[in-house]
Amino acid sequence: MTQLRQQQGQTINLRGIDHYYEWICDSSNGTNKPVLVFVHGWGGSGRYWKTTATALSDQFDCLIYDLRGFGRSSLPENHALSYDMEEYAEDLAVLLDKLQLEQVYLNAHSMGASLATLFISRYPQKVKQAILTCSGIFEYNPITFKLFHFAGTYVVKLRFNWFSEIPAMDRLFMARFLNRPIPKEERKAFLEDYLLADEDAAKGTIYTAVSKHASTVMPEAFANVSVPTLLVAGEKDIIIPTRLAKKAANLNANYIEYFELPDTAHFPMLEDAPNYLEKVRTFLQADSQS
């Protein structure tokens, strides 16, 4: 019988900022399993990784956490850290050190996959295998990027708590991210996290995740990946289209395996959980048996 143990959420201070984290573990298959760390994307929190973590907890002790400024990792006033993806990668390094985790598996999504790629390129000894879900390389275009930043900043400013009370707002909000429906509780959780996100963090990461700097350093980071990595793309993703995902994977065919999940968009792990999990398990098992 499965004995799922989900610890009550805790906070840990990383570089002067309290970060929320929690463990999801299954003790029925023994203890002291390898650790799989989940990293969420822009506007979200570790909450949307819970169903995936629960499904994989028979193989791993799963750790989810909220990036600073998002979810339950609130920012103090006058903090000194920037919103560069490199700084978020350093947050992850400090988290692993403080939890005394010498080597882990990673599964990171969207913006979280960008910081995870930078982390892997800097600290390959800390990562056994990695899964990058919905990641890619944006081609720099000053006009397109400027419009993206303007629209993103405008959307962040127009957030009101009462949005979550409007019937079907969760469905409307998630429509551009999805090709297949996901459970209502998942849609509502993401809308709540989006409304909860710190304004400076939300705006700041819009500018750093999609920027001229990112378009310069991310190709190098992908090329420098030296641990077995699976890049999962959603066939219908309009946030990070498959051509951008393929471009990233093609930079490093020796270590990065590309997989496209049909009929899914920006949340393939929620839109088609069975096939997503099957591919992830196969990838992880293949390396452990080699």
# chains A, B, ... in the order shown; residues from 1 in each chain; ligands from 1
$ select_by_dssp --residues "range 72-263 of chain A" --states "strand (DSSP E)" --output "list of chain:residue names"
A:Val104, A:Tyr105, A:Leu106, A:Asn107, A:Ala108, A:His109, A:Val127, A:Lys128, A:Gln129, A:Ala130, A:Ile131, A:Leu132, A:Thr133, A:Thr229, A:Leu230, A:Leu231, A:Val232, A:Ala233, A:Gly234, A:Ile256, A:Glu257, A:Tyr258, A:Phe259, A:Glu260, A:Leu261
$ residues_around --residues "Glu139 in chain A" --least-positions-apart "4" --cutoff "12 Å" --atoms "only C-alpha atoms" --output "VMD selection string"
chain A and resid 143 to 145 210 to 219 240 to 241 243 to 245 247 to 248
$ write_last_selection --atoms "N, CA and C atoms" --output "PDB file, in the first residue's frame"
ATOM      1  N   ILE A 143      12.288  44.665 -31.650  1.00  0.00           N
ATOM      2  CA  ILE A 143      10.893  45.113 -31.726  1.00  0.00           C
ATOM      3  C   ILE A 143       9.973  44.116 -31.026  1.00  0.00           C
ATOM      4  N   THR A 144      10.148  42.822 -31.338  1.00  0.00           N
ATOM      5  CA  THR A 144       9.315  41.791 -30.713  1.00  0.00           C
ATOM      6  C   THR A 144       9.501  41.762 -29.208  1.00  0.00           C
ATOM      7  N   PHE A 145      10.753  41.853 -28.762  1.00  0.00           N
ATOM      8  CA  PHE A 145      11.034  41.816 -27.323  1.00  0.00           C
ATOM      9  C   PHE A 145      10.435  43.036 -26.623  1.00  0.00           C
ATOM     10  N   VAL A 210      13.369  36.897 -21.072  1.00  0.00           N
ATOM     11  CA  VAL A 210      13.282  37.145 -22.515  1.00  0.00           C
ATOM     12  C   VAL A 210      14.000  38.462 -22.786  1.00  0.00           C
ATOM     13  N   SER A 211      15.267  38.371 -23.119  1.00  0.00           N
ATOM     14  CA  SER A 211      16.094  39.567 -23.242  1.00  0.00           C
ATOM     15  C   SER A 211      17.244  39.310 -24.210  1.00  0.00           C
ATOM     16  N   LYS A 212      17.912  40.376 -24.603  1.00  0.00           N
ATOM     17  CA  LYS A 212      19.090  40.235 -25.457  1.00  0.00           C
ATOM     18  C   LYS A 212      20.159  39.428 -24.733  1.00  0.00           C
ATOM     19  N   HIS A 213      20.310  39.685 -23.441  1.00  0.00           N
ATOM     20  CA  HIS A 213      21.293  38.933 -22.648  1.00  0.00           C
ATOM     21  C   HIS A 213      20.953  37.445 -22.643  1.00  0.00           C
ATOM     22  N   ALA A 214      19.687  37.123 -22.407  1.00  0.00           N
ATOM     23  CA  ALA A 214      19.285  35.712 -22.368  1.00  0.00           C
ATOM     24  C   ALA A 214      19.508  35.038 -23.717  1.00  0.00           C
ATOM     25  N   SER A 215      19.222  35.753 -24.802  1.00  0.00           N
ATOM     26  CA  SER A 215      19.399  35.163 -26.123  1.00  0.00           C
ATOM     27  C   SER A 215      20.870  34.933 -26.440  1.00  0.00           C
ATOM     28  N   THR A 216      21.758  35.567 -25.668  1.00  0.00           N
ATOM     29  CA  THR A 216      23.196  35.378 -25.841  1.00  0.00           C
ATOM     30  C   THR A 216      23.728  34.257 -24.966  1.00  0.00           C
ATOM     31  N   VAL A 217      23.306  34.237 -23.688  1.00  0.00           N
ATOM     32  CA  VAL A 217      23.888  33.261 -22.748  1.00  0.00           C
ATOM     33  C   VAL A 217      23.202  31.904 -22.784  1.00  0.00           C
ATOM     34  N   MET A 218      21.922  31.851 -23.140  1.00  0.00           N
ATOM     35  CA  MET A 218      21.223  30.569 -23.097  1.00  0.00           C
ATOM     36  C   MET A 218      21.745  29.568 -24.134  1.00  0.00           C
ATOM     37  N   PRO A 219      22.062  29.965 -25.372  1.00  0.00           N
ATOM     38  CA  PRO A 219      22.643  28.977 -26.296  1.00  0.00           C
ATOM     39  C   PRO A 219      23.922  28.363 -25.747  1.00  0.00           C
ATOM     40  N   ILE A 240       6.313  28.782 -25.855  1.00  0.00           N
ATOM     41  CA  ILE A 240       7.647  28.398 -26.326  1.00  0.00           C
ATOM     42  C   ILE A 240       7.440  27.388 -27.454  1.00  0.00           C
ATOM     43  N   PRO A 241       7.300  27.859 -28.670  1.00  0.00           N
ATOM     44  CA  PRO A 241       7.011  26.962 -29.799  1.00  0.00           C
ATOM     45  C   PRO A 241       8.081  25.897 -29.987  1.00  0.00           C
ATOM     46  N   ARG A 243       9.789  24.974 -32.470  1.00  0.00           N
ATOM     47  CA  ARG A 243      10.994  25.321 -33.222  1.00  0.00           C
ATOM     48  C   ARG A 243      12.069  25.895 -32.297  1.00  0.00           C
ATOM     49  N   LEU A 244      11.659  26.592 -31.240  1.00  0.00           N
ATOM     50  CA  LEU A 244      12.619  27.128 -30.284  1.00  0.00           C
ATOM     51  C   LEU A 244      13.165  26.032 -29.377  1.00  0.00           C
ATOM     52  N   ALA A 245      12.312  25.061 -29.068  1.00  0.00           N
ATOM     53  CA  ALA A 245      12.756  23.919 -28.264  1.00  0.00           C
ATOM     54  C   ALA A 245      13.738  23.058 -29.051  1.00  0.00           C
ATOM     55  N   LYS A 247      15.625  24.006 -31.469  1.00  0.00           N
ATOM     56  CA  LYS A 247      16.868  24.761 -31.629  1.00  0.00           C
ATOM     57  C   LYS A 247      17.775  24.562 -30.422  1.00  0.00           C
ATOM     58  N   ALA A 248      17.188  24.574 -29.237  1.00  0.00           N
ATOM     59  CA  ALA A 248      17.975  24.365 -28.021  1.00  0.00           C
ATOM     60  C   ALA A 248      18.543  22.956 -27.972  1.00  0.00           C
TER      61      ALA A 248
END
$ atom_distance --atom1 "CA of Val280 in chain A" --atom2 "CA of Ala202 in chain A"
29.4 Å
$ residues_around --residues "range 8-20 of chain A" --least-positions-apart "5" --cutoff "9 Å" --atoms "only C-alpha atoms" --output "list in words"
Ile64, Tyr65, Asp66, Leu67, Arg68, Gly69, Gly71, Arg72, Ser73, Ser74, Leu75, Pro76, His79, Ala80, Leu81, Asp91, Leu92, Val94, Leu95 and Lys98 of chain A
$ write_last_selection --atoms "C-alpha atoms" --output "short mmCIF file (atom, residue, chain, number, x, y, z; two decimals), in the first residue's frame"
data_model
loop_
_atom_site.label_atom_id
_atom_site.label_comp_id
_atom_site.auth_asym_id
_atom_site.auth_seq_id
_atom_site.Cartn_x
_atom_site.Cartn_y
_atom_site.Cartn_z
CA ILE A 64 9.12 21.36 -4.65
CA TYR A 65 9.82 24.99 -3.81
CA ASP A 66 8.61 28.44 -4.76
CA LEU A 67 11.00 30.83 -6.50
CA ARG A 68 11.53 34.09 -4.67
CA GLY A 69 8.77 36.56 -5.37
CA GLY A 71 3.87 31.62 -4.70
CA ARG A 72 4.59 31.51 -0.99
CA SER A 73 8.14 32.90 -1.22
CA SER A 74 7.37 36.53 -0.45
CA LEU A 75 9.95 39.24 -0.92
CA PRO A 76 11.03 41.57 1.88
CA HIS A 79 16.18 43.21 -0.84
CA ALA A 80 19.43 43.35 -2.78
CA LEU A 81 19.05 40.50 -5.28
CA ASP A 91 19.25 30.47 -5.22
CA LEU A 92 18.88 26.83 -6.24
CA VAL A 94 22.16 27.58 -2.00
CA LEU A 95 18.95 25.60 -1.43
CA LYS A 98 21.46 24.16 2.92
#
$ residues_around --residues "Ala201 in chain A" --least-positions-apart "2" --cutoff "12 Å" --atoms "only C-alpha atoms" --output "ChimeraX atom specification"
/A:42-44,67-71,73-77,79,81-85,88,153,156,194,196-199,203-209
$ write_last_selection --atoms "N, CA and C atoms" --output "tab-separated table (two decimals), in the first residue's frame"
chain	number	residue	atom	x	y	z
A	42	TRP	N	7.24	31.01	-14.73
A	42	TRP	CA	6.80	32.37	-14.43
A	42	TRP	C	5.34	32.39	-13.97
A	43	GLY	N	5.08	33.15	-12.93
A	43	GLY	CA	3.72	33.38	-12.46
A	43	GLY	C	3.13	32.26	-11.65
A	44	GLY	N	3.82	31.13	-11.55
A	44	GLY	CA	3.26	29.99	-10.85
A	44	GLY	C	3.92	29.74	-9.51
A	67	LEU	N	9.98	29.84	-6.21
A	67	LEU	CA	11.00	30.83	-6.50
A	67	LEU	C	10.70	32.13	-5.77
A	68	ARG	N	11.75	32.85	-5.44
A	68	ARG	CA	11.53	34.09	-4.67
A	68	ARG	C	10.69	35.09	-5.47
A	69	GLY	N	9.69	35.63	-4.75
A	69	GLY	CA	8.77	36.56	-5.37
A	69	GLY	C	7.54	35.91	-5.97
A	70	PHE	N	7.49	34.56	-5.91
A	70	PHE	CA	6.36	33.84	-6.48
A	70	PHE	C	5.79	32.88	-5.44
A	71	GLY	N	4.50	32.55	-5.61
A	71	GLY	CA	3.87	31.62	-4.70
A	71	GLY	C	3.97	32.09	-3.26
A	73	SER	N	6.82	32.35	-1.52
A	73	SER	CA	8.14	32.90	-1.22
A	73	SER	C	8.10	34.41	-1.38
A	74	SER	N	7.56	35.07	-0.38
A	74	SER	CA	7.37	36.53	-0.45
A	74	SER	C	8.70	37.26	-0.35
A	75	LEU	N	8.73	38.43	-0.95
A	75	LEU	CA	9.95	39.24	-0.92
A	75	LEU	C	9.89	40.29	0.17
A	76	PRO	N	10.97	40.46	0.92
A	76	PRO	CA	11.03	41.57	1.88
A	76	PRO	C	11.29	42.88	1.14
A	77	GLU	N	11.04	43.98	1.77
A	77	GLU	CA	11.32	45.27	1.14
A	77	GLU	C	12.83	45.50	1.08
A	79	HIS	N	15.23	44.31	-0.70
A	79	HIS	CA	16.18	43.21	-0.84
A	79	HIS	C	17.17	43.57	-1.95
A	81	LEU	N	18.85	41.42	-4.16
A	81	LEU	CA	19.05	40.50	-5.28
A	81	LEU	C	18.33	40.96	-6.53
A	82	SER	N	18.95	40.70	-7.67
A	82	SER	CA	18.34	41.06	-8.95
A	82	SER	C	17.42	39.92	-9.41
A	83	TYR	N	16.76	40.13	-10.53
A	83	TYR	CA	15.86	39.12	-11.09
A	83	TYR	C	16.49	38.40	-12.28
A	84	ASP	N	17.80	38.47	-12.39
A	84	ASP	CA	18.50	37.75	-13.44
A	84	ASP	C	18.32	36.25	-13.25
A	85	MET	N	18.23	35.52	-14.36
A	85	MET	CA	18.10	34.07	-14.27
A	85	MET	C	19.31	33.45	-13.58
A	88	TYR	N	18.70	33.46	-9.89
A	88	TYR	CA	17.77	32.40	-9.49
A	88	TYR	C	18.46	31.04	-9.50
A	153	THR	N	4.33	43.66	-18.84
A	153	THR	CA	4.25	44.62	-17.74
A	153	THR	C	2.83	45.13	-17.55
A	156	VAL	N	0.76	42.45	-15.82
A	156	VAL	CA	1.10	42.32	-14.40
A	156	VAL	C	0.44	43.43	-13.58
A	194	TYR	N	-0.71	33.44	-9.86
A	194	TYR	CA	-0.44	34.59	-10.71
A	194	TYR	C	-0.85	35.89	-10.00
A	196	LEU	N	-0.99	36.30	-6.84
A	196	LEU	CA	-0.20	36.43	-5.63
A	196	LEU	C	1.23	36.88	-5.91
A	197	ALA	N	1.73	36.70	-7.11
A	197	ALA	CA	3.13	36.98	-7.43
A	197	ALA	C	3.50	38.42	-7.12
A	198	ASP	N	4.70	38.61	-6.57
A	198	ASP	CA	5.21	39.95	-6.29
A	198	ASP	C	5.34	40.73	-7.60
A	199	GLU	N	4.87	41.96	-7.60
A	199	GLU	CA	4.84	42.74	-8.85
A	199	GLU	C	6.23	42.97	-9.40
A	203	LYS	N	7.46	41.46	-13.00
A	203	LYS	CA	7.92	42.33	-14.07
A	203	LYS	C	9.40	42.13	-14.35
A	204	GLY	N	10.18	41.98	-13.29
A	204	GLY	CA	11.63	41.84	-13.45
A	204	GLY	C	12.01	40.61	-14.24
A	205	THR	N	11.35	39.49	-13.96
A	205	THR	CA	11.69	38.25	-14.67
A	205	THR	C	11.18	38.25	-16.11
A	206	ILE	N	10.16	39.04	-16.40
A	206	ILE	CA	9.73	39.19	-17.79
A	206	ILE	C	10.88	39.79	-18.61
A	207	TYR	N	11.57	40.76	-18.01
A	207	TYR	CA	12.65	41.44	-18.71
A	207	TYR	C	13.93	40.61	-18.78
A	208	THR	N	14.17	39.75	-17.80
A	208	THR	CA	15.42	38.99	-17.80
A	208	THR	C	15.31	37.64	-18.50
A	209	ALA	N	14.14	37.00	-18.44
A	209	ALA	CA	14.00	35.69	-19.07
A	209	ALA	C	13.93	35.80	-20.59
$ residues_around --residues "Asn179 in chain A" --least-positions-apart "4" --cutoff "10 Å" --atoms "only C-alpha atoms" --output "compact mmCIF listing (two decimals) with C-alpha atoms, in the first residue's frame"
# COMPACT_ATOMS: atom_id res chain seq x y z
CA MET A 174 -5.36 29.45 -18.85
CA ALA A 175 -6.72 29.22 -22.41
CA GLY A 234 4.28 20.53 -26.20
CA GLU A 235 3.36 20.17 -29.87
CA LYS A 236 0.83 23.03 -29.71
CA ASP A 237 2.76 25.31 -27.35
CA ILE A 238 2.50 28.97 -28.41
CA PRO A 262 1.37 15.48 -29.26
CA ASP A 263 -1.75 17.59 -28.72
CA THR A 264 -0.36 19.41 -25.68
CA ALA A 265 0.70 23.01 -25.19
CA HIS A 266 2.57 24.73 -22.34
CA PHE A 267 1.61 22.31 -19.55
CA PRO A 268 2.16 18.84 -21.05
CA GLU A 271 -2.56 18.04 -20.18
$ select_by_dssp --residues "range 150-271 of chain A" --states "helix (DSSP H, G or I)" --output "PyMOL selection string"
chain A and resi 150-157+161-165+169-177+184-196+199-209+212-224+242-250+268-271
$ residues_around --residues "Ala55 in chain A" --least-positions-apart "2" --cutoff "12 Å" --atoms "only C-alpha atoms" --output "list in words"
Thr2, Leu4, Ile24, Cys25, Asp26, Leu36, Trp49, Lys50, Thr51, Thr52, Ala53, Ser57, Asp58, Gln59, Phe60, Asp61, Cys62, Met269, Leu270, Ala273, Pro274, Tyr276, Leu277, Glu278, Val280 and Arg281 of chain A
$ atom_distance --atom1 "CA of Glu22 in chain A" --atom2 "CA of Asn78 in chain A"
26.5 Å
$ residues_around --residues "Lys279 in chain A" --least-positions-apart "2" --cutoff "12 Å" --atoms "only C-alpha atoms" --output "MDAnalysis selection string"
chainID A and resid 131 133 230:233 257:261 268:269 272:277 281:286
$ write_last_selection --atoms "N, CA and C atoms" --output "PDB file, in the first residue's frame"
ATOM      1  N   ILE A 131      15.320  17.071 -16.570  1.00  0.00           N
ATOM      2  CA  ILE A 131      14.202  17.158 -17.505  1.00  0.00           C
ATOM      3  C   ILE A 131      13.848  18.637 -17.625  1.00  0.00           C
ATOM      4  N   THR A 133      11.111  20.932 -19.195  1.00  0.00           N
ATOM      5  CA  THR A 133       9.766  20.879 -19.762  1.00  0.00           C
ATOM      6  C   THR A 133       9.398  22.246 -20.327  1.00  0.00           C
ATOM      7  N   LEU A 230      16.530  15.478 -20.786  1.00  0.00           N
ATOM      8  CA  LEU A 230      15.364  15.290 -21.650  1.00  0.00           C
ATOM      9  C   LEU A 230      14.644  16.621 -21.786  1.00  0.00           C
ATOM     10  N   LEU A 231      14.472  17.089 -23.016  1.00  0.00           N
ATOM     11  CA  LEU A 231      13.729  18.319 -23.262  1.00  0.00           C
ATOM     12  C   LEU A 231      12.361  17.934 -23.818  1.00  0.00           C
ATOM     13  N   VAL A 232      11.329  18.194 -23.026  1.00  0.00           N
ATOM     14  CA  VAL A 232       9.957  17.856 -23.415  1.00  0.00           C
ATOM     15  C   VAL A 232       9.258  19.113 -23.926  1.00  0.00           C
ATOM     16  N   ALA A 233       8.751  19.045 -25.146  1.00  0.00           N
ATOM     17  CA  ALA A 233       8.019  20.167 -25.731  1.00  0.00           C
ATOM     18  C   ALA A 233       6.573  19.771 -25.971  1.00  0.00           C
ATOM     19  N   GLU A 257      18.143  15.007 -25.186  1.00  0.00           N
ATOM     20  CA  GLU A 257      17.187  14.244 -25.990  1.00  0.00           C
ATOM     21  C   GLU A 257      15.910  15.069 -26.126  1.00  0.00           C
ATOM     22  N   TYR A 258      15.436  15.225 -27.342  1.00  0.00           N
ATOM     23  CA  TYR A 258      14.217  16.008 -27.595  1.00  0.00           C
ATOM     24  C   TYR A 258      13.010  15.081 -27.708  1.00  0.00           C
ATOM     25  N   PHE A 259      11.928  15.480 -27.044  1.00  0.00           N
ATOM     26  CA  PHE A 259      10.688  14.708 -27.129  1.00  0.00           C
ATOM     27  C   PHE A 259       9.521  15.671 -27.227  1.00  0.00           C
ATOM     28  N   GLU A 260       8.646  15.427 -28.199  1.00  0.00           N
ATOM     29  CA  GLU A 260       7.498  16.297 -28.423  1.00  0.00           C
ATOM     30  C   GLU A 260       6.225  15.535 -28.079  1.00  0.00           C
ATOM     31  N   LEU A 261       5.458  16.061 -27.154  1.00  0.00           N
ATOM     32  CA  LEU A 261       4.239  15.390 -26.721  1.00  0.00           C
ATOM     33  C   LEU A 261       3.061  15.905 -27.547  1.00  0.00           C
ATOM     34  N   PRO A 268       2.341  20.237 -20.633  1.00  0.00           N
ATOM     35  CA  PRO A 268       2.158  18.845 -21.049  1.00  0.00           C
ATOM     36  C   PRO A 268       2.047  17.880 -19.878  1.00  0.00           C
ATOM     37  N   MET A 269       2.682  18.194 -18.755  1.00  0.00           N
ATOM     38  CA  MET A 269       2.622  17.289 -17.594  1.00  0.00           C
ATOM     39  C   MET A 269       1.238  17.245 -16.979  1.00  0.00           C
ATOM     40  N   ASP A 272      -1.467  15.908 -20.484  1.00  0.00           N
ATOM     41  CA  ASP A 272      -1.396  14.485 -20.836  1.00  0.00           C
ATOM     42  C   ASP A 272      -0.447  13.796 -19.860  1.00  0.00           C
ATOM     43  N   ALA A 273      -0.873  13.713 -18.615  1.00  0.00           N
ATOM     44  CA  ALA A 273      -0.013  13.172 -17.555  1.00  0.00           C
ATOM     45  C   ALA A 273       0.450  11.741 -17.830  1.00  0.00           C
ATOM     46  N   PRO A 274      -0.415  10.832 -18.288  1.00  0.00           N
ATOM     47  CA  PRO A 274       0.046   9.448 -18.487  1.00  0.00           C
ATOM     48  C   PRO A 274       1.219   9.334 -19.455  1.00  0.00           C
ATOM     49  N   ASN A 275       1.124   9.978 -20.610  1.00  0.00           N
ATOM     50  CA  ASN A 275       2.204   9.870 -21.591  1.00  0.00           C
ATOM     51  C   ASN A 275       3.436  10.673 -21.175  1.00  0.00           C
ATOM     52  N   TYR A 276       3.211  11.789 -20.525  1.00  0.00           N
ATOM     53  CA  TYR A 276       4.343  12.563 -19.999  1.00  0.00           C
ATOM     54  C   TYR A 276       5.120  11.732 -18.992  1.00  0.00           C
ATOM     55  N   LEU A 277       4.413  11.120 -18.038  1.00  0.00           N
ATOM     56  CA  LEU A 277       5.066  10.333 -16.996  1.00  0.00           C
ATOM     57  C   LEU A 277       5.746   9.098 -17.578  1.00  0.00           C
ATOM     58  N   ARG A 281       9.668   8.482 -16.984  1.00  0.00           N
ATOM     59  CA  ARG A 281      10.135   7.259 -16.316  1.00  0.00           C
ATOM     60  C   ARG A 281      11.097   6.472 -17.216  1.00  0.00           C
ATOM     61  N   THR A 282      10.757   6.357 -18.479  1.00  0.00           N
ATOM     62  CA  THR A 282      11.620   5.634 -19.410  1.00  0.00           C
ATOM     63  C   THR A 282      12.988   6.298 -19.505  1.00  0.00           C
ATOM     64  N   PHE A 283      12.999   7.602 -19.590  1.00  0.00           N
ATOM     65  CA  PHE A 283      14.258   8.351 -19.665  1.00  0.00           C
ATOM     66  C   PHE A 283      15.101   8.134 -18.413  1.00  0.00           C
ATOM     67  N   LEU A 284      14.498   8.247 -17.254  1.00  0.00           N
ATOM     68  CA  LEU A 284      15.235   8.087 -16.007  1.00  0.00           C
ATOM     69  C   LEU A 284      15.743   6.665 -15.828  1.00  0.00           C
ATOM     70  N   GLN A 285      14.932   5.695 -16.178  1.00  0.00           N
ATOM     71  CA  GLN A 285      15.332   4.290 -16.026  1.00  0.00           C
ATOM     72  C   GLN A 285      16.425   3.913 -17.016  1.00  0.00           C
ATOM     73  N   ALA A 286      16.382   4.473 -18.219  1.00  0.00           N
ATOM     74  CA  ALA A 286      17.391   4.138 -19.231  1.00  0.00           C
ATOM     75  C   ALA A 286      18.776   4.519 -18.762  1.00  0.00           C
TER      76      ALA A 286
END
$ closest_atom_pairs --of "range 61-150 of chain A" --to "range 220-229 of chain A" --cutoff "12 Å" --atoms "only C-alpha atoms" --output "CSV"
residue,atom,partner,partner_atom,distance
A:Met85,CA,A:Ala221,CA,11.7
A:Glu86,CA,A:Ala221,CA,10.8
A:Gln103,CA,A:Val227,CA,11.8
A:Val104,CA,A:Val227,CA,11.5
A:Tyr105,CA,A:Thr229,CA,9.9
A:Leu106,CA,A:Thr229,CA,9.2
A:Asn107,CA,A:Thr229,CA,9.6
A:Ala108,CA,A:Thr229,CA,11.0
A:Ala113,CA,A:Phe222,CA,10.7
A:Ser114,CA,A:Ala221,CA,9.0
A:Leu115,CA,A:Ala221,CA,9.8
A:Ala116,CA,A:Ala221,CA,9.8
A:Thr117,CA,A:Ala221,CA,6.2
A:Leu118,CA,A:Ala221,CA,5.6
A:Phe119,CA,A:Ala221,CA,8.7
A:Ile120,CA,A:Val225,CA,6.3
A:Ser121,CA,A:Val225,CA,5.2
A:Arg122,CA,A:Ala221,CA,8.4
A:Tyr123,CA,A:Val225,CA,9.7
A:Pro124,CA,A:Ser226,CA,6.6
A:Gln125,CA,A:Val227,CA,8.7
A:Lys126,CA,A:Val227,CA,9.8
A:Val127,CA,A:Val227,CA,7.1
A:Lys128,CA,A:Val227,CA,6.5
A:Gln129,CA,A:Pro228,CA,5.2
A:Ala130,CA,A:Thr229,CA,4.6
A:Ile131,CA,A:Thr229,CA,5.6
A:Leu132,CA,A:Thr229,CA,7.3
A:Thr133,CA,A:Thr229,CA,10.4
A:Ser135,CA,A:Phe222,CA,10.4
A:Gly136,CA,A:Phe222,CA,9.1
A:Ile137,CA,A:Phe222,CA,9.0
$ write_last_selection --atoms "N, CA and C atoms" --output "tab-separated table (two decimals), in the first residue's frame"
chain	number	residue	atom	x	y	z
A	85	MET	N	18.23	35.52	-14.36
A	85	MET	CA	18.10	34.07	-14.27
A	85	MET	C	19.31	33.45	-13.58
A	86	GLU	N	20.49	34.06	-13.76
A	86	GLU	CA	21.69	33.56	-13.09
A	86	GLU	C	21.55	33.64	-11.58
A	103	GLN	N	23.83	15.72	-4.77
A	103	GLN	CA	23.48	15.50	-6.17
A	103	GLN	C	21.99	15.17	-6.27
A	104	VAL	N	21.32	15.78	-7.24
A	104	VAL	CA	19.87	15.60	-7.38
A	104	VAL	C	19.51	15.39	-8.84
A	105	TYR	N	18.27	15.02	-9.07
A	105	TYR	CA	17.64	15.03	-10.38
A	105	TYR	C	16.80	16.31	-10.45
A	106	LEU	N	16.65	16.87	-11.63
A	106	LEU	CA	15.88	18.11	-11.80
A	106	LEU	C	14.76	17.92	-12.81
A	107	ASN	N	13.62	18.54	-12.54
A	107	ASN	CA	12.57	18.70	-13.53
A	107	ASN	C	12.09	20.14	-13.44
A	108	ALA	N	12.38	20.91	-14.48
A	108	ALA	CA	12.10	22.35	-14.46
A	108	ALA	C	11.25	22.73	-15.66
A	113	ALA	N	12.97	26.30	-16.36
A	113	ALA	CA	13.91	25.50	-17.14
A	113	ALA	C	15.10	26.33	-17.60
A	114	SER	N	14.89	27.62	-17.82
A	114	SER	CA	16.01	28.50	-18.19
A	114	SER	C	17.01	28.59	-17.04
A	115	LEU	N	16.51	28.85	-15.84
A	115	LEU	CA	17.43	28.96	-14.71
A	115	LEU	C	18.05	27.60	-14.40
A	116	ALA	N	17.31	26.51	-14.62
A	116	ALA	CA	17.85	25.18	-14.39
A	116	ALA	C	18.97	24.87	-15.38
A	117	THR	N	18.82	25.29	-16.63
A	117	THR	CA	19.87	25.07	-17.63
A	117	THR	C	21.14	25.82	-17.24
A	118	LEU	N	21.00	27.04	-16.77
A	118	LEU	CA	22.15	27.80	-16.29
A	118	LEU	C	22.78	27.10	-15.09
A	119	PHE	N	21.93	26.57	-14.20
A	119	PHE	CA	22.43	25.86	-13.02
A	119	PHE	C	23.22	24.62	-13.45
A	120	ILE	N	22.69	23.85	-14.39
A	120	ILE	CA	23.35	22.62	-14.84
A	120	ILE	C	24.70	22.95	-15.48
A	121	SER	N	24.75	24.02	-16.26
A	121	SER	CA	26.00	24.38	-16.93
A	121	SER	C	27.05	24.84	-15.92
A	122	ARG	N	26.60	25.40	-14.79
A	122	ARG	CA	27.53	25.87	-13.76
A	122	ARG	C	27.91	24.79	-12.77
A	123	TYR	N	26.96	23.93	-12.45
A	123	TYR	CA	27.17	22.93	-11.39
A	123	TYR	C	26.81	21.52	-11.90
A	124	PRO	N	27.46	21.04	-12.93
A	124	PRO	CA	27.10	19.73	-13.46
A	124	PRO	C	27.26	18.60	-12.45
A	125	GLN	N	28.17	18.76	-11.51
A	125	GLN	CA	28.41	17.72	-10.51
A	125	GLN	C	27.24	17.56	-9.55
A	126	LYS	N	26.36	18.54	-9.50
A	126	LYS	CA	25.23	18.51	-8.58
A	126	LYS	C	23.99	17.85	-9.19
A	127	VAL	N	24.04	17.52	-10.50
A	127	VAL	CA	22.86	17.03	-11.20
A	127	VAL	C	23.16	15.67	-11.83
A	128	LYS	N	22.34	14.68	-11.52
A	128	LYS	CA	22.47	13.35	-12.10
A	128	LYS	C	21.82	13.30	-13.48
A	129	GLN	N	20.56	13.72	-13.56
A	129	GLN	CA	19.82	13.83	-14.81
A	129	GLN	C	18.87	15.01	-14.71
A	130	ALA	N	18.47	15.52	-15.87
A	130	ALA	CA	17.57	16.68	-15.86
A	130	ALA	C	16.47	16.51	-16.90
A	131	ILE	N	15.32	17.07	-16.57
A	131	ILE	CA	14.20	17.16	-17.51
A	131	ILE	C	13.85	18.64	-17.63
A	132	LEU	N	13.87	19.14	-18.83
A	132	LEU	CA	13.49	20.52	-19.11
A	132	LEU	C	12.16	20.48	-19.84
A	133	THR	N	11.11	20.93	-19.19
A	133	THR	CA	9.77	20.88	-19.76
A	133	THR	C	9.40	22.25	-20.33
A	135	SER	N	10.99	24.35	-22.83
A	135	SER	CA	12.13	25.26	-22.80
A	135	SER	C	12.63	25.46	-24.21
A	136	GLY	N	13.38	26.54	-24.43
A	136	GLY	CA	13.90	26.81	-25.76
A	136	GLY	C	14.74	28.07	-25.77
A	137	ILE	N	15.16	28.44	-26.95
A	137	ILE	CA	16.00	29.63	-27.13
A	137	ILE	C	15.24	30.66	-27.94
